[in-house]
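As provided, data_6.cif (mmCIF, C-alpha atoms) reads as follows.
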```cif
data_upload
#
loop_
_atom_site.group_PDB
_atom_site.id
_atom_site.type_symbol
_atom_site.label_atom_id
_atom_site.label_comp_id
_atom_site.auth_asym_id
_atom_site.auth_seq_id
_atom_site.Cartn_x
_atom_site.Cartn_y
_atom_site.Cartn_z
ATOM 1 C CA MET A 9 -114.426 231.656 31.020
ATOM 2 C CA HIS A 10 -115.757 229.942 27.925
ATOM 3 C CA CYS A 11 -117.497 231.689 25.090
ATOM 4 C CA PHE A 12 -120.412 229.838 23.446
ATOM 5 C CA ARG A 13 -121.018 230.739 19.846
ATOM 6 C CA THR A 14 -123.720 229.431 17.505
ATOM 7 C CA SER A 15 -122.857 229.102 13.814
ATOM 8 C CA PHE A 16 -125.263 228.534 10.925
ATOM 9 C CA PHE A 17 -123.366 226.777 8.146
ATOM 10 C CA LEU A 18 -126.380 225.093 6.515
ATOM 11 C CA SER A 19 -128.610 228.112 6.268
ATOM 12 C CA ALA A 20 -130.082 227.234 2.862
ATOM 13 C CA ILE A 21 -130.882 223.652 3.858
ATOM 14 C CA PHE A 22 -132.874 224.696 6.936
ATOM 15 C CA ARG A 23 -134.825 227.393 5.117
ATOM 16 C CA PRO A 24 -138.024 225.272 4.795
ATOM 17 C CA ARG A 25 -137.900 224.598 8.537
ATOM 18 C CA ARG A 26 -137.617 228.318 9.257
ATOM 19 C CA GLU A 27 -140.562 228.990 6.969
ATOM 20 C CA VAL A 28 -142.676 226.535 8.924
ATOM 21 C CA GLY A 29 -141.665 228.121 12.214
ATOM 22 C CA ASN A 30 -142.060 231.727 11.131
ATOM 23 C CA HIS A 31 -145.203 231.608 9.023
ATOM 24 C CA GLY A 32 -146.897 228.523 10.420
ATOM 25 C CA THR A 33 -147.332 227.013 6.965
ATOM 26 C CA GLN A 34 -145.579 224.137 5.283
ATOM 27 C CA PRO A 35 -143.535 224.694 2.111
ATOM 28 C CA LYS A 36 -145.056 223.818 -1.248
ATOM 29 C CA TRP A 37 -142.897 220.738 -1.792
ATOM 30 C CA HIS A 38 -144.041 219.216 1.506
ATOM 31 C CA ALA A 39 -147.168 217.155 0.806
ATOM 32 C CA PHE A 40 -149.089 214.737 2.976
ATOM 33 C CA GLU A 41 -147.923 211.141 2.597
ATOM 34 C CA PRO A 42 -150.295 208.316 3.462
ATOM 35 C CA PRO A 43 -149.044 205.463 5.678
ATOM 36 C CA LEU A 44 -146.822 202.773 4.182
ATOM 37 C CA PRO A 45 -149.480 200.052 3.653
ATOM 38 C CA GLN A 46 -151.699 202.491 1.768
ATOM 39 C CA ARG A 47 -148.777 203.734 -0.355
ATOM 40 C CA LEU A 48 -147.839 200.153 -1.249
ATOM 41 C CA ALA A 49 -151.431 199.400 -2.209
ATOM 42 C CA ASP A 50 -151.635 202.524 -4.383
ATOM 43 C CA GLU A 51 -148.277 201.928 -6.080
ATOM 44 C CA GLY A 52 -148.966 198.270 -6.839
ATOM 45 C CA ALA A 53 -152.658 198.531 -7.730
ATOM 46 C CA HIS A 54 -151.940 197.228 -11.241
ATOM 47 C CA LEU A 55 -149.689 194.400 -9.962
ATOM 48 C CA VAL A 56 -150.462 191.297 -7.970
ATOM 49 C CA GLN A 57 -148.964 191.619 -4.480
ATOM 50 C CA PRO A 58 -148.292 189.116 -1.684
ATOM 51 C CA ALA A 59 -150.380 188.817 1.454
ATOM 52 C CA CYS A 60 -148.337 189.972 4.457
ATOM 53 C CA LYS A 61 -149.233 190.305 8.110
ATOM 54 C CA GLU A 62 -148.728 193.459 10.122
ATOM 55 C CA ASP A 63 -145.883 193.817 12.602
ATOM 56 C CA SER A 64 -146.116 191.127 15.286
ATOM 57 C CA GLN A 65 -145.362 193.757 17.958
ATOM 58 C CA ALA A 66 -148.351 195.882 17.006
ATOM 59 C CA LYS A 67 -150.900 196.368 19.761
ATOM 60 C CA GLY A 68 -154.557 195.461 19.663
ATOM 61 C CA PRO A 69 -156.063 193.576 16.730
ATOM 62 C CA TYR A 70 -153.576 194.976 14.201
ATOM 63 C CA HIS A 71 -150.997 192.165 14.433
ATOM 64 C CA THR A 72 -153.522 189.752 12.904
ATOM 65 C CA LYS A 73 -154.439 192.029 10.002
ATOM 66 C CA VAL A 74 -153.359 190.971 6.509
ATOM 67 C CA ARG A 75 -152.274 193.613 4.003
ATOM 68 C CA ALA A 76 -150.630 193.836 0.593
ATOM 69 C CA GLY A 77 -146.841 193.559 0.696
ATOM 70 C CA ARG A 78 -144.235 195.197 -1.501
ATOM 71 C CA GLY A 79 -143.475 192.113 -3.568
ATOM 72 C CA PHE A 80 -143.105 188.350 -3.655
ATOM 73 C CA THR A 81 -139.877 186.782 -2.422
ATOM 74 C CA LEU A 82 -137.538 184.834 -4.675
ATOM 75 C CA GLU A 83 -138.328 181.685 -2.693
ATOM 76 C CA GLU A 84 -142.059 182.104 -3.346
ATOM 77 C CA LEU A 85 -141.476 182.629 -7.056
ATOM 78 C CA LYS A 86 -139.233 179.557 -7.239
ATOM 79 C CA ALA A 87 -141.828 177.402 -5.460
ATOM 80 C CA ALA A 88 -144.509 178.610 -7.879
ATOM 81 C CA GLY A 89 -142.283 177.866 -10.901
ATOM 82 C CA ILE A 90 -141.962 181.485 -12.075
ATOM 83 C CA HIS A 91 -138.622 183.097 -12.947
ATOM 84 C CA LYS A 92 -137.903 186.412 -11.245
ATOM 85 C CA LYS A 93 -137.272 188.192 -14.555
ATOM 86 C CA THR A 94 -140.423 186.759 -16.104
ATOM 87 C CA ALA A 95 -142.502 187.751 -13.066
ATOM 88 C CA ARG A 96 -141.923 191.467 -13.615
ATOM 89 C CA THR A 97 -143.108 191.209 -17.224
ATOM 90 C CA ILE A 98 -146.457 189.550 -16.416
ATOM 91 C CA GLY A 99 -147.651 191.871 -13.651
ATOM 92 C CA ILE A 100 -146.109 190.274 -10.543
ATOM 93 C CA SER A 101 -144.345 192.521 -8.033
ATOM 94 C CA VAL A 102 -140.979 191.198 -6.793
ATOM 95 C CA ASP A 103 -139.127 192.133 -3.598
ATOM 96 C CA SER A 104 -135.699 190.501 -3.361
ATOM 97 C CA ARG A 105 -135.120 191.851 0.177
ATOM 98 C CA ARG A 106 -138.120 190.298 1.893
ATOM 99 C CA ARG A 107 -137.651 186.938 3.639
ATOM 100 C CA ASN A 108 -140.154 184.219 4.505
ATOM 101 C CA ARG A 109 -140.298 183.664 8.251
ATOM 102 C CA SER A 110 -142.985 180.987 8.291
ATOM 103 C CA SER A 111 -144.045 178.122 6.070
ATOM 104 C CA GLU A 112 -147.692 179.244 6.320
ATOM 105 C CA SER A 113 -147.052 182.597 4.628
ATOM 106 C CA LEU A 114 -144.839 180.894 2.026
ATOM 107 C CA GLN A 115 -147.539 178.394 1.069
ATOM 108 C CA ALA A 116 -150.260 181.064 1.071
ATOM 109 C CA ASN A 117 -148.333 183.317 -1.319
ATOM 110 C CA VAL A 118 -147.326 180.391 -3.542
ATOM 111 C CA GLN A 119 -150.993 179.454 -3.828
ATOM 112 C CA ARG A 120 -151.778 183.099 -4.584
ATOM 113 C CA LEU A 121 -149.231 183.096 -7.413
ATOM 114 C CA LYS A 122 -150.586 179.849 -8.864
ATOM 115 C CA GLU A 123 -154.135 181.197 -8.771
ATOM 116 C CA TYR A 124 -153.037 184.391 -10.541
ATOM 117 C CA ARG A 125 -151.116 182.411 -13.160
ATOM 118 C CA SER A 126 -154.145 180.199 -13.856
ATOM 119 C CA LYS A 127 -156.375 183.237 -14.413
ATOM 120 C CA LEU A 128 -153.812 185.184 -16.463
ATOM 121 C CA ILE A 129 -154.307 185.337 -20.233
ATOM 122 C CA LEU A 130 -150.982 186.137 -21.877
ATOM 123 C CA PHE A 131 -151.118 187.650 -25.364
ATOM 124 C CA PRO A 132 -148.242 186.746 -27.708
ATOM 125 C CA ARG A 133 -146.006 189.571 -28.912
ATOM 126 C CA LYS A 134 -146.378 188.287 -32.455
ATOM 127 C CA ALA A 135 -149.710 186.715 -33.312
ATOM 128 C CA SER A 136 -148.099 184.757 -36.137
ATOM 129 C CA ALA A 137 -145.376 183.275 -33.894
ATOM 130 C CA PRO A 138 -146.671 182.474 -30.375
ATOM 131 C CA LYS A 139 -144.097 181.301 -27.836
ATOM 132 C CA LYS A 140 -144.223 178.776 -25.035
ATOM 133 C CA GLY A 141 -146.446 179.988 -22.205
ATOM 134 C CA ASP A 142 -148.667 182.207 -24.368
ATOM 135 C CA SER A 143 -152.418 181.665 -24.250
ATOM 136 C CA THR A 144 -154.265 179.794 -26.970
ATOM 137 C CA GLU A 145 -156.631 181.383 -29.478
ATOM 138 C CA GLU A 146 -159.678 180.099 -27.558
ATOM 139 C CA GLU A 147 -158.415 181.715 -24.347
ATOM 140 C CA LEU A 148 -157.648 184.986 -26.131
ATOM 141 C CA LYS A 149 -161.255 185.207 -27.323
ATOM 142 C CA MET A 150 -162.484 184.895 -23.729
ATOM 143 C CA ALA A 151 -160.163 187.654 -22.427
ATOM 144 C CA THR A 152 -161.697 190.625 -20.590
ATOM 145 C CA GLN A 153 -159.856 193.705 -19.357
ATOM 146 C CA LEU A 154 -159.649 193.952 -15.560
ATOM 147 C CA SER A 155 -160.387 197.301 -13.938
ATOM 148 C CA GLY A 156 -159.277 198.005 -10.380
ATOM 149 C CA ALA A 157 -156.902 196.200 -8.064
ATOM 150 C CA VAL A 158 -155.557 192.794 -9.078
ATOM 151 C CA MET A 159 -156.679 190.099 -6.622
ATOM 152 C CA PRO A 160 -157.333 192.470 -3.693
ATOM 153 C CA ILE A 161 -156.680 191.167 -0.197
ATOM 154 C CA LYS A 162 -159.738 190.933 2.041
ATOM 155 C CA ASN A 163 -159.623 190.572 5.803
ATOM 156 C CA VAL A 164 -162.330 188.152 6.907
ATOM 157 C CA HIS A 165 -162.952 188.065 10.634
ATOM 158 C CA LYS A 166 -164.246 184.710 11.841
ATOM 159 C CA LYS A 167 -165.913 184.560 15.225
ATOM 160 C CA GLU A 168 -165.468 181.385 17.203
ATOM 161 C CA LYS A 169 -168.565 179.901 18.765
ATOM 162 C CA ALA A 170 -168.766 179.566 22.524
ATOM 163 C CA ARG A 171 -168.097 176.069 23.824
ATOM 164 C CA VAL A 172 -167.449 174.227 27.047
ATOM 165 C CA ILE A 173 -163.826 174.030 28.206
ATOM 166 C CA SER A 174 -162.574 170.442 28.160
ATOM 167 C CA GLU A 175 -160.757 168.731 31.024
ATOM 168 C CA ASP A 176 -157.510 168.579 29.027
ATOM 169 C CA GLU A 177 -157.596 172.338 28.526
ATOM 170 C CA LYS A 178 -158.235 172.889 32.230
ATOM 171 C CA ASN A 179 -155.299 170.688 33.236
ATOM 172 C CA PHE A 180 -152.933 172.082 30.579
ATOM 173 C CA LYS A 181 -150.139 174.220 32.042
ATOM 174 C CA ALA A 182 -149.034 176.671 29.379
ATOM 175 C CA PHE A 183 -146.130 178.251 31.291
ATOM 176 C CA ALA A 184 -144.587 174.902 32.234
ATOM 177 C CA SER A 185 -144.943 173.650 28.654
ATOM 178 C CA LEU A 186 -143.189 176.721 27.262
ATOM 179 C CA ARG A 187 -140.346 176.424 29.765
ATOM 180 C CA MET A 188 -139.935 172.744 28.951
ATOM 181 C CA ALA A 189 -139.833 173.481 25.211
ATOM 182 C CA ARG A 190 -137.182 176.170 25.754
ATOM 183 C CA ALA A 191 -135.108 173.806 27.891
ATOM 184 C CA ASN A 192 -135.332 171.025 25.307
ATOM 185 C CA ALA A 193 -134.212 173.395 22.554
ATOM 186 C CA ARG A 194 -131.326 174.729 24.668
ATOM 187 C CA LEU A 195 -130.066 171.324 25.818
ATOM 188 C CA PHE A 196 -130.570 169.487 22.542
ATOM 189 C CA GLY A 197 -126.893 169.561 21.532
ATOM 190 C CA ILE A 198 -125.565 168.583 24.976
ATOM 191 C CA ARG A 199 -127.971 165.656 25.256
ATOM 192 C CA ALA A 200 -127.103 164.419 21.774
ATOM 193 C CA LYS A 201 -123.386 164.603 22.616
ATOM 194 C CA ARG A 202 -123.864 162.692 25.879
ATOM 195 C CA ALA A 203 -125.960 160.026 24.145
ATOM 196 C CA LYS A 204 -123.270 159.603 21.495
ATOM 197 C CA GLU A 205 -120.530 159.297 24.144
ATOM 198 C CA ALA A 206 -122.591 156.780 26.135
ATOM 199 C CA GLU A 207 -123.148 154.695 23.007
ATOM 200 C CA ALA A 208 -119.422 154.753 22.234
ATOM 201 C CA GLU A 209 -118.588 153.657 25.812
ATOM 202 C CA SER A 210 -121.071 150.779 25.643
ATOM 203 C CA ILE A 211 -119.492 149.579 22.384
ATOM 204 C CA ASP A 212 -116.016 149.720 23.949
ATOM 205 C CA LYS A 213 -117.187 147.701 26.971
ATOM 206 C CA LYS A 214 -118.636 145.001 24.745
ATOM 207 C CA LYS A 215 -115.309 144.687 22.965
#
```
Take the structure I supplied and represent it as structure tokens, if you would.
Amino acid sequence: MHCFRTSFFLSAIFRPRREVGNHGTQPKWHAFEPPLPQRLADEGAHLVQPACKEDSQAKGPYHTKVRAGRGFTLEELKAAGIHKKTARTIGISVDSRRRNRSSESLQANVQRLKEYRSKLILFPRKASAPKKGDSTEEELKMATQLSGAVMPIKNVHKKEKARVISEDEKNFKAFASLRMARANARLFGIRAKRAKEAEAESIDKKK
């Protein structure tokens, strides 16, 4: 016969959980946290952030929605001609962990960085000794303080107009095209090897 015994070694750690269960109220330190996209937007409201799409596995219309990301990638900064250490000093958020998975998002964020850099007016630390990259005196006179989010991201929904389906679209077989593309990608190496061997054999026969 076995004896089952329950031990409570972490009694102090689970005290907040017991308070929730016993009194039906949450402890004082437990506060409501908004979802991640909203937190990122609130934290980086004073910084320029990249445009990122929602998770591709999201259901409904959410996978096409564009939101503010945590920071620009090092590849995007390099393409825009901005050093990663300089970016943090001029109001650009940087995320060294994020990776670019498509050339479209890379080009869009690079263009976003270039637009921000063209609108940015950089004051010199010493007015008597301006450095390379600082704004000129004429640009400093035109400077105005920005209030609110920096270059906010707006989702614009474009409706496509109804049109007549063409004959090419009617005859197009999507499933067969996808299978053919997968087969070509899978057999690319084998076909290249066979073509190389056949070329070598033809050269040997000529000799």
> Mind telling me what the PyMOL selection byres ((chain A and resi 101-105) around 10) catches here, as a PyMOL selection string?
Replying inline: chain A and resi 52+54-58+77-85+92-93+95-100+106-107
> Between A:His91, A:Arg202, A:Lys73, A:Lys61, which one has atoms that come closest to A:Ser113, using only C-alpha atoms?
Replying inline: A:Lys61
> Residues picked by the PyMOL selection byres ((chain A and resi 156) around 8) here, as a list in words?
Replying inline: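 What the PyMOL selection byres ((chain A and resi 156) around 8) grabs from the file is Ala53, His54, Leu154, Ser155, Ala157 and Val158 of chain A.
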> So, counting all atoms listed in the file, which residue among A:Ala87, A:Ala151, A:Met188, A:Ala20 is closest to A:Asn117?
Replying inline: A:Ala87
> Between atom CA of A:Arg120 and atom CA of A:Ile161, what is the distance, to one decimal in Å?
Replying inline: 10.4 Å
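Between atom CA of A:Lys86 and atom CA of A:Leu114 there is a distance of 10.9 Å.
Atom CA of A:Cys60 is found 11.1 Å from atom CA of A:Ser110.
Nearest residue to A:Leu130 among A:Val172, A:Ala116, A:Arg23, A:Leu148 is A:Leu148, counting all atoms listed in the file.
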